[in-house]
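Below is model-v3.cif, which holds mmCIF, C-alpha atoms and all ligand atoms.
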```cif
data_query
loop_
_atom_site.label_atom_id
_atom_site.label_comp_id
_atom_site.auth_asym_id
_atom_site.auth_seq_id
_atom_site.Cartn_x
_atom_site.Cartn_y
_atom_site.Cartn_z
CA MET A 4 52.63 -34.36 -24.48
CA THR A 5 53.92 -32.81 -21.23
CA PRO A 6 52.60 -29.26 -21.14
CA ILE A 7 55.16 -26.45 -21.05
CA ARG A 8 54.68 -24.84 -17.66
CA ARG A 9 56.67 -21.66 -18.12
CA ILE A 10 58.90 -19.75 -20.48
CA TYR A 11 62.52 -18.92 -19.64
CA MET A 12 64.05 -15.76 -21.10
CA ALA A 13 67.76 -15.56 -21.90
CA PRO A 14 68.73 -12.12 -23.27
CA SER A 15 71.90 -12.32 -25.37
CA ILE A 16 74.46 -9.62 -24.59
CA LEU A 17 75.78 -9.90 -28.16
CA SER A 18 73.49 -7.00 -29.04
CA ALA A 19 73.93 -5.08 -25.78
CA ASP A 20 75.70 -1.72 -25.65
CA LEU A 21 79.08 -2.77 -24.22
CA LEU A 22 79.67 0.73 -22.87
CA HIS A 23 76.52 0.29 -20.77
CA LEU A 24 76.75 -3.44 -20.21
CA GLN A 25 76.36 -3.45 -16.44
CA GLU A 26 73.35 -1.14 -16.54
CA GLN A 27 71.63 -3.12 -19.32
CA VAL A 28 72.29 -6.53 -17.79
CA GLU A 29 71.06 -5.37 -14.38
CA LEU A 30 67.91 -4.00 -15.99
CA VAL A 31 66.97 -7.29 -17.66
CA ALA A 32 68.06 -9.38 -14.65
CA GLU A 33 65.94 -7.32 -12.25
CA ASN A 34 62.94 -7.42 -14.56
CA GLY A 35 62.40 -11.09 -15.17
CA ALA A 36 65.29 -12.48 -17.24
CA ASP A 37 66.04 -16.07 -16.23
CA PHE A 38 69.56 -16.33 -17.67
CA ILE A 39 72.14 -14.06 -19.26
CA HIS A 40 73.22 -15.61 -22.58
CA VAL A 41 76.89 -15.09 -23.51
CA ASP A 42 77.75 -15.81 -27.15
CA VAL A 43 81.34 -16.98 -27.47
CA MET A 44 82.73 -16.99 -31.04
CA ASP A 45 86.21 -17.92 -32.18
CA GLY A 46 86.49 -16.73 -35.81
CA HIS A 47 87.00 -20.39 -36.78
CA PHE A 48 83.85 -22.41 -36.15
CA VAL A 49 81.88 -19.24 -36.91
CA PRO A 50 82.98 -16.22 -38.97
CA ASN A 51 83.03 -13.74 -36.09
CA LEU A 52 84.84 -13.04 -32.82
CA THR A 53 83.29 -12.00 -29.54
CA PHE A 54 84.18 -12.56 -25.89
CA GLY A 55 85.78 -15.31 -23.80
CA HIS A 56 85.53 -16.66 -20.27
CA ASN A 57 86.69 -13.33 -18.82
CA MET A 58 83.32 -11.91 -19.89
CA VAL A 59 81.62 -14.54 -17.71
CA SER A 60 83.81 -13.76 -14.70
CA THR A 61 83.18 -10.04 -15.19
CA LEU A 62 79.40 -10.53 -15.35
CA LYS A 63 79.52 -12.77 -12.27
CA ARG A 64 80.72 -9.78 -10.23
CA PHE A 65 77.27 -8.21 -10.46
CA VAL A 66 74.79 -10.68 -12.02
CA LYS A 67 72.84 -12.94 -9.65
CA ILE A 68 70.89 -14.93 -12.27
CA PRO A 69 72.59 -17.88 -14.01
CA ILE A 70 74.97 -17.32 -16.91
CA ASP A 71 74.38 -19.47 -19.96
CA ALA A 72 77.50 -19.54 -22.18
CA HIS A 73 76.97 -20.61 -25.79
CA LEU A 74 80.32 -21.81 -27.15
CA MET A 75 80.49 -21.36 -30.92
CA ILE A 76 84.11 -22.48 -30.93
CA SER A 77 86.19 -25.34 -32.24
CA ASN A 78 87.72 -27.67 -29.61
CA PRO A 79 85.47 -26.54 -26.73
CA ASP A 80 86.95 -29.26 -24.48
CA GLN A 81 90.09 -27.26 -23.93
CA TYR A 82 88.14 -24.38 -22.35
CA ILE A 83 85.75 -26.28 -20.05
CA GLU A 84 87.86 -25.70 -16.97
CA ALA A 85 88.26 -21.98 -17.73
CA TYR A 86 84.48 -21.54 -18.08
CA ALA A 87 83.90 -23.44 -14.84
CA ASN A 88 86.43 -21.26 -13.01
CA ALA A 89 84.77 -18.15 -14.44
CA GLY A 90 81.51 -19.16 -12.78
CA THR A 91 79.49 -20.34 -15.79
CA ASP A 92 76.24 -22.01 -14.75
CA ILE A 93 75.22 -23.63 -18.06
CA LEU A 94 77.83 -24.43 -20.71
CA THR A 95 76.49 -25.22 -24.19
CA VAL A 96 78.65 -26.75 -26.91
CA HIS A 97 77.85 -27.41 -30.55
CA GLN A 98 77.34 -30.99 -31.67
CA GLU A 99 79.32 -30.09 -34.82
CA THR A 100 82.46 -29.31 -32.78
CA CYS A 101 82.46 -32.41 -30.56
CA PRO A 102 83.60 -35.73 -32.02
CA HIS A 103 83.26 -37.24 -28.53
CA LEU A 104 80.16 -35.45 -27.40
CA HIS A 105 79.38 -37.84 -24.54
CA ARG A 106 82.85 -37.28 -23.08
CA THR A 107 82.49 -33.50 -23.45
CA ILE A 108 79.11 -33.49 -21.68
CA GLN A 109 80.55 -35.62 -18.88
CA ALA A 110 83.49 -33.24 -18.50
CA ILE A 111 81.14 -30.24 -18.22
CA HIS A 112 79.22 -32.02 -15.46
CA GLN A 113 82.41 -33.06 -13.69
CA HIS A 114 83.32 -29.38 -13.57
CA GLY A 115 80.06 -28.61 -11.77
CA MET A 116 78.15 -26.95 -14.61
CA LYS A 117 74.93 -27.80 -16.38
CA ALA A 118 75.55 -29.02 -19.93
CA GLY A 119 73.83 -28.01 -23.14
CA VAL A 120 74.15 -29.20 -26.72
CA SER A 121 73.40 -27.02 -29.73
CA LEU A 122 72.59 -27.81 -33.36
CA ASN A 123 73.14 -25.66 -36.44
CA PRO A 124 70.17 -25.26 -38.79
CA ALA A 125 71.54 -27.91 -41.22
CA THR A 126 72.30 -30.52 -38.54
CA ASN A 127 69.81 -33.34 -38.13
CA ILE A 128 68.15 -33.66 -34.72
CA ALA A 129 68.75 -37.44 -34.80
CA THR A 130 72.45 -36.72 -34.13
CA ILE A 131 71.67 -35.85 -30.51
CA GLU A 132 68.96 -38.42 -29.75
CA ASP A 133 71.43 -40.63 -27.87
CA ILE A 134 72.75 -37.80 -25.68
CA ILE A 135 69.42 -36.27 -24.59
CA ALA A 136 69.44 -38.52 -21.50
CA GLU A 137 72.63 -36.77 -20.35
CA VAL A 138 72.08 -33.07 -21.09
CA ASP A 139 70.32 -30.28 -19.22
CA LEU A 140 69.61 -28.14 -22.28
CA VAL A 141 69.10 -28.60 -26.01
CA LEU A 142 69.64 -25.50 -28.15
CA ILE A 143 68.10 -25.39 -31.60
CA MET A 144 69.72 -22.67 -33.72
CA THR A 145 67.23 -20.90 -35.95
CA VAL A 146 69.91 -18.85 -37.75
CA ASN A 147 73.40 -19.86 -38.83
CA PRO A 148 75.46 -18.92 -35.78
CA GLY A 149 77.85 -15.99 -35.94
CA PHE A 150 75.83 -12.79 -35.94
CA GLY A 151 72.92 -11.10 -34.24
CA GLY A 152 70.01 -9.64 -36.14
CA GLN A 153 69.61 -12.38 -38.77
CA LYS A 154 66.34 -13.63 -40.19
CA PHE A 155 64.62 -16.55 -38.46
CA ILE A 156 64.84 -19.78 -40.51
CA ARG A 157 61.32 -21.24 -40.44
CA GLN A 158 62.40 -24.70 -41.63
CA CYS A 159 63.93 -25.20 -38.18
CA LEU A 160 60.48 -25.18 -36.53
CA LYS A 161 59.89 -28.84 -37.23
CA LYS A 162 63.20 -29.66 -35.58
CA ILE A 163 61.96 -27.94 -32.41
CA ALA A 164 58.89 -30.18 -32.47
CA VAL A 165 60.95 -33.34 -32.99
CA ALA A 166 63.31 -32.30 -30.17
CA ARG A 167 60.29 -31.80 -27.89
CA GLU A 168 59.00 -35.28 -28.76
CA MET A 169 62.39 -36.83 -28.03
CA ILE A 170 62.71 -34.99 -24.71
CA ASN A 171 59.21 -36.02 -23.62
CA ARG A 172 59.65 -39.60 -24.78
CA GLN A 173 62.74 -39.84 -22.60
CA ASN A 174 60.87 -38.14 -19.73
CA ARG A 175 63.46 -35.40 -19.48
CA ASP A 176 62.60 -32.12 -17.78
CA ILE A 177 65.25 -30.00 -19.54
CA TYR A 178 65.45 -26.65 -21.28
CA LEU A 179 64.56 -26.63 -24.97
CA GLN A 180 66.17 -23.40 -26.06
CA VAL A 181 65.82 -21.55 -29.35
CA ASP A 182 68.34 -18.96 -30.56
CA GLY A 183 68.31 -16.74 -33.62
CA GLY A 184 65.69 -14.33 -34.92
CA VAL A 185 63.51 -14.66 -31.83
CA ASN A 186 61.12 -11.72 -31.50
CA SER A 187 57.52 -11.05 -30.46
CA GLU A 188 56.29 -12.40 -33.82
CA THR A 189 58.41 -15.52 -34.30
CA VAL A 190 57.95 -16.49 -30.64
CA THR A 191 54.39 -17.74 -31.13
CA GLU A 192 55.41 -20.55 -33.50
CA ILE A 193 58.56 -21.26 -31.49
CA ILE A 194 56.52 -21.91 -28.34
CA SER A 195 53.74 -23.76 -30.15
CA HIS A 196 56.37 -26.16 -31.53
CA GLY A 197 57.50 -26.99 -27.99
CA ALA A 198 60.39 -24.72 -26.97
CA ASN A 199 60.42 -23.30 -23.43
CA THR A 200 63.60 -21.18 -23.38
CA LEU A 201 64.17 -18.15 -25.59
CA VAL A 202 67.40 -16.41 -26.48
CA ALA A 203 66.90 -12.94 -27.92
CA GLY A 204 69.56 -10.36 -28.71
CA SER A 205 68.60 -7.67 -31.20
CA ALA A 206 64.87 -7.89 -30.42
CA ILE A 207 65.68 -6.81 -26.86
CA PHE A 208 68.84 -4.70 -26.88
CA ASN A 209 68.20 -2.82 -30.13
CA GLU A 210 64.90 -1.53 -28.77
CA PRO A 211 64.63 1.79 -26.91
CA ASP A 212 62.95 0.11 -23.90
CA ILE A 213 64.79 -3.17 -23.36
CA VAL A 214 62.66 -4.29 -20.41
CA GLN A 215 59.43 -3.73 -22.31
CA ALA A 216 60.85 -5.51 -25.37
CA MET A 217 61.80 -8.55 -23.27
CA GLN A 218 58.41 -8.61 -21.58
CA ASN A 219 56.61 -8.32 -24.92
CA ILE A 220 58.41 -11.42 -26.22
CA ARG A 221 57.61 -13.36 -23.06
CA SER A 222 53.93 -12.39 -23.03
CA ALA A 223 53.49 -13.16 -26.74
CA GLY A 224 54.95 -16.60 -26.00
CA GLU A 225 52.84 -17.11 -22.88
CA LYS A 226 49.66 -16.70 -24.89
CA MET A 227 50.59 -19.96 -26.63
CA LEU A 228 50.70 -21.84 -23.31
CA ARG A 229 46.96 -21.44 -22.72
C1 LIG B 301 73.95 -16.01 -32.97
C2 LIG B 301 73.95 -16.08 -31.47
C3 LIG B 301 72.73 -15.53 -30.89
C4 LIG B 301 72.48 -14.07 -31.19
C5 LIG B 301 71.02 -13.96 -31.51
O1 LIG B 301 75.02 -16.69 -33.49
O2 LIG B 301 74.10 -17.40 -31.00
O3 LIG B 301 72.62 -15.78 -29.48
O4 LIG B 301 72.78 -13.21 -30.14
O5 LIG B 301 70.78 -12.72 -31.99
P1 LIG B 301 69.32 -12.28 -32.49
O6 LIG B 301 68.39 -12.49 -31.33
O7 LIG B 301 69.52 -10.85 -32.84
O8 LIG B 301 68.98 -13.15 -33.66
ZN ZN B 302 73.64 -17.78 -28.77
#
```

What do you get writing this file as structure tokens?
Ligand code: DX5
Ligand code: ZN
Amino acid sequence: MTPIRRIYMAPSILSADLLHLQEQVELVAENGADFIHVDVMDGHFVPNLTFGHNMVSTLKRFVKIPIDAHLMISNPDQYIEAYANAGTDILTVHQETCPHLHRTIQAIHQHGMKAGVSLNPATNIATIEDIIAEVDLVLIMTVNPGFGGQKFIRQCLKKIAVAREMINRQNRDIYLQVDGGVNSETVTEIISHGANTLVAGSAIFNEPDIVQAMQNIRSAGEKMLR
């Protein structure tokens, strides 16, 4: 199995203090975050509403690190152009929302972005085996999407391991991202099952020292690389 060389951190602004968003995002970006994760919810695919592409364009005014937008929305195809124009670097769609996933991934690439595909906890990993050759990121949800601060679903760990096997078998050097309930405890199993990219919201932004909290998650994960 190809060893995981490094861990990528993607703090989710879902749990940030929106009145201090610039300050908090700059703090994580200047202290080792690899991406800023923007959770887009439509109140239809998931039972909650958050931000849209204007959040990405706003962040782009001051964030230098890549923006990773996680679209938890029905009909993502109709917004691909808007997210490209906003400056999104990685655009992730849910397998469950894309009847023509190959076409959607192609459209994301044609708009100059990296493309990710995400799976809900109840969705079988086999449903994306035939698209792994085309994507830049696979996102395994370890909570049902819609809210921050939920409990990590341990049954999803084996899906991370199967995704890692598929990615390695196809010789793909892509991000295997995990989102939902990631903290300095759950991270050890997440990394040991083969993930290399961590989204964390509440475990970073609900802590008094957000930089320390992010670094604690990364260093707990890095111990599993040795
Ligand atoms: C959940 C979102 C997550 C969320 C994670 O639907 O996709 O990115 O911010 O929050 P925590 O890290 O608190 O589980
Ligand atoms: Zn997310």

Would you list the residues that come within 7 Å of ligand LIG 301 (chain B)? Count all atoms listed in the file and give the answer as a list of chain:residue names.
-> A:Ser15, A:Ile16, A:Leu17, A:Ser18, A:His40, A:Asp42, A:His73, A:Val146, A:Asn147, A:Pro148, A:Gly149, A:Phe150, A:Gly151, A:Gly152, A:Gln153, A:Asp182, A:Gly183, A:Gly184, A:Val185, A:Val202, A:Ala203, A:Gly204, A:Ser205, A:Ala206

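Shortest atom-to-atom contact with A:Asp176 among A:Leu24, A:Met144, A:Ile39, A:Ile7: A:Ile7, counting all atoms listed in the file.
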
Would you kindly return, as a PyMOL selection string, each protein, DNA or RNA residue with an atom no farther than 10 Å from any atom of A:Thr145, considering only C-alpha atoms and excluding same-chain residues fewer than 6 positions away?
-> chain A and resi 122-125+153-160+162-163+181-185+193

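Comparing the minimum interatomic distances between ligand ZN 302 (chain B) and each of A:His97, A:His196, A:Lys117, A:Arg167, counting only C-alpha atoms and all ligand atoms, we find that A:His97 sits nearest.
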
Stretch 100-104 of chain A surroundings by all atoms listed in the file, 9 Å radius, close-in-sequence under 4 positions cut, as a list of chain:residue names = A:Phe48, A:Met75, A:Ile76, A:Ser77, A:Asn78, A:Pro79, A:Asp80, A:Val96, A:Ile108, A:Gln109, A:Val120, A:Ile134

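Atom to atom, atom CA of A:Glu137 and atom CA of A:Glu225 stand 28.0 Å apart.
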
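For the pair atom CA of A:Glu84 and atom CA of A:Val43, the interatomic distance is 15.1 Å.
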
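Comparing A:Leu62, A:Leu201, A:Ala110, A:Ala87 by their smallest distance to ligand ZN 302 (chain B), the closest is A:Leu201 (using all atoms listed in the file).
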
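Rounded to one decimal, atom CA of A:Thr189 and atom CA of A:Val49 lie 23.9 Å from each other.
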